[in-house]
Amino acid sequence: MIIKLNNAMSKLLLEEVENVSTLVKSQKNIDSNMIELEISDIKELQFLINDEIVYRGLDNQETVNDFGKKLYALYDEILYQKHDN
C-alpha cells in the first residue's frame, strides 16, 4: 500500500518506530513537505505504531504523553488513508 505523509510524520515513522524499515519497500519525495512510502504490510505497520504508543507514548500513570499524541496522530493518518484508498 502507498501512504503519503508530511515530513514530520514520515520522520517520526522512520526514525522512532522500531522495525519499521523492514516494511518500507520504497520511499519517494513528492514535494518539499510530502513523502510517499510503499508499505508491504499495512496491518503490521499499525501493530508497530501501536506498540510504540503502549511502550513509549504513555507515562507512568497510563496517560498519553506528548510523544504518544504524535504517534496517535500518525496512526490516525495511516488508518484514514487505509480506508480512503
# chains A, B, ... in the order shown; residues from 1 in each chain; ligands from 1
$ select_by_dssp --residues "stretch 1-51 of chain A" --states "strand (DSSP E)" --output "PyMOL selection string"
chain A and resi 2-6+24-31+34-39
$ select_by_dssp --residues "chain A" --states "helix (DSSP H, G or I)" --output "compact mmCIF listing (two decimals) with C-alpha atoms, in the first residue's frame"
# COMPACT_ATOMS: atom_id res chain seq x y z
CA ASN A 7 7.93 15.37 6.60
CA ALA A 8 7.27 15.45 10.35
CA MET A 9 5.12 12.31 10.31
CA SER A 10 7.44 10.42 7.97
CA LYS A 11 10.43 11.31 10.16
CA LEU A 12 8.51 10.11 13.23
CA LEU A 13 7.63 6.86 11.49
CA LEU A 14 11.04 6.13 10.00
CA GLU A 15 13.18 7.21 12.96
CA GLU A 16 11.09 6.37 16.02
CA VAL A 20 9.52 -0.21 10.50
CA SER A 21 12.35 -0.32 7.95
CA THR A 22 11.52 -3.95 7.18
CA ILE A 42 -0.09 -2.03 6.49
CA LYS A 43 -1.59 -4.08 9.34
CA GLU A 44 1.87 -4.89 10.66
CA LEU A 45 2.75 -1.21 10.43
CA GLN A 46 -0.27 -0.38 12.57
CA PHE A 47 0.81 -3.01 15.12
CA LEU A 48 4.30 -1.50 15.31
CA ILE A 49 2.93 2.00 15.86
CA ASN A 50 0.53 0.69 18.48
CA ASP A 51 3.42 -1.00 20.30
CA GLU A 52 5.30 2.31 20.39
CA ILE A 53 2.22 4.03 21.82
CA VAL A 54 1.97 1.43 24.59
CA TYR A 55 5.69 1.34 25.43
CA ARG A 56 6.75 4.95 24.92
CA ASP A 66 3.38 14.39 24.00
CA PHE A 67 5.21 11.65 22.10
CA GLY A 68 2.12 9.44 22.37
CA LYS A 69 -0.04 12.22 20.91
CA LYS A 70 2.24 12.39 17.88
CA LEU A 71 2.08 8.61 17.49
CA TYR A 72 -1.72 8.67 17.74
CA ALA A 73 -1.85 11.35 15.02
CA LEU A 74 0.41 9.19 12.83
CA TYR A 75 -1.73 6.11 13.47
CA ASP A 76 -4.92 8.04 12.66
CA GLU A 77 -3.46 9.39 9.41
CA ILE A 78 -2.45 5.90 8.27
CA LEU A 79 -5.84 4.50 9.25
CA TYR A 80 -7.58 7.27 7.29
CA GLN A 81 -5.51 6.59 4.19
CA LYS A 82 -6.01 2.83 4.54
CA HIS A 83 -9.79 3.21 4.50
CA ASP A 84 -9.82 6.01 1.92
$ residues_around --residues "A:Ile30" --least-positions-apart "3" --cutoff "10 Å" --atoms "only C-alpha atoms" --output "number ranges by chain"
A: 4-6, 27, 33-36
$ write_last_selection --atoms "C-alpha atoms" --output "short mmCIF file (atom, residue, chain, number, x, y, z; two decimals), in the first residue's frame"
data_model
loop_
_atom_site.label_atom_id
_atom_site.label_comp_id
_atom_site.auth_asym_id
_atom_site.auth_seq_id
_atom_site.Cartn_x
_atom_site.Cartn_y
_atom_site.Cartn_z
CA LYS A 4 1.68 9.83 1.86
CA LEU A 5 2.97 11.60 4.94
CA ASN A 6 4.29 15.07 5.62
CA GLN A 27 10.10 5.97 -0.45
CA ASN A 33 6.86 18.65 2.52
CA MET A 34 5.41 15.29 1.43
CA ILE A 35 6.87 11.79 1.17
CA GLU A 36 5.28 8.75 -0.43
#
$ atom_distance --atom1 "atom CA of A:Leu23" --atom2 "atom CA of A:Leu58"
24.6 Å
$ atom_distance --atom1 "atom CA of A:Ser40" --atom2 "atom CA of A:Val24"
6.4 Å
$ atom_distance --atom1 "atom CA of A:Ser32" --atom2 "atom CA of A:Asn85"
23.3 Å
$ decode --residues "stretch 9-65 of chain A" --atoms "C-alpha atoms" --output "CSV table (one decimal), in the first residue's frame"
chain,number,residue,atom,x,y,z
A,9,MET,CA,5.1,12.3,10.3
A,10,SER,CA,7.4,10.4,8.0
A,11,LYS,CA,10.4,11.3,10.2
A,12,LEU,CA,8.5,10.1,13.2
A,13,LEU,CA,7.6,6.9,11.5
A,14,LEU,CA,11.0,6.1,10.0
A,15,GLU,CA,13.2,7.2,13.0
A,16,GLU,CA,11.1,6.4,16.0
A,17,VAL,CA,9.0,3.3,15.2
A,18,GLU,CA,11.1,0.2,15.9
A,19,ASN,CA,11.5,-2.3,13.0
A,20,VAL,CA,9.5,-0.2,10.5
A,21,SER,CA,12.3,-0.3,7.9
A,22,THR,CA,11.5,-4.0,7.2
A,23,LEU,CA,8.1,-2.9,6.0
A,24,VAL,CA,9.1,0.1,3.8
A,25,LYS,CA,9.6,-1.1,0.3
A,26,SER,CA,10.3,2.3,-1.2
A,27,GLN,CA,10.1,6.0,-0.4
A,28,LYS,CA,9.9,9.0,-2.7
A,29,ASN,CA,9.8,12.7,-2.2
A,30,ILE,CA,6.6,14.1,-3.7
A,31,ASP,CA,7.4,17.8,-2.9
A,32,SER,CA,9.3,19.7,-0.2
A,33,ASN,CA,6.9,18.6,2.5
A,34,MET,CA,5.4,15.3,1.4
A,35,ILE,CA,6.9,11.8,1.2
A,36,GLU,CA,5.3,8.7,-0.4
A,37,LEU,CA,6.0,5.4,1.2
A,38,GLU,CA,5.2,2.0,-0.2
A,39,ILE,CA,4.4,-0.3,2.8
A,40,SER,CA,4.5,-4.1,2.3
A,41,ASP,CA,2.1,-4.9,5.2
A,42,ILE,CA,-0.1,-2.0,6.5
A,43,LYS,CA,-1.6,-4.1,9.3
A,44,GLU,CA,1.9,-4.9,10.7
A,45,LEU,CA,2.8,-1.2,10.4
A,46,GLN,CA,-0.3,-0.4,12.6
A,47,PHE,CA,0.8,-3.0,15.1
A,48,LEU,CA,4.3,-1.5,15.3
A,49,ILE,CA,2.9,2.0,15.9
A,50,ASN,CA,0.5,0.7,18.5
A,51,ASP,CA,3.4,-1.0,20.3
A,52,GLU,CA,5.3,2.3,20.4
A,53,ILE,CA,2.2,4.0,21.8
A,54,VAL,CA,2.0,1.4,24.6
A,55,TYR,CA,5.7,1.3,25.4
A,56,ARG,CA,6.7,5.0,24.9
A,57,GLY,CA,3.6,7.0,24.4
A,58,LEU,CA,2.2,6.6,27.9
A,59,ASP,CA,3.6,7.9,31.2
A,60,ASN,CA,3.7,6.0,34.5
A,61,GLN,CA,0.0,6.8,35.2
A,62,GLU,CA,-1.1,5.5,31.8
A,63,THR,CA,-1.9,8.9,30.4
A,64,VAL,CA,-0.8,9.9,26.9
A,65,ASN,CA,2.4,12.0,26.8
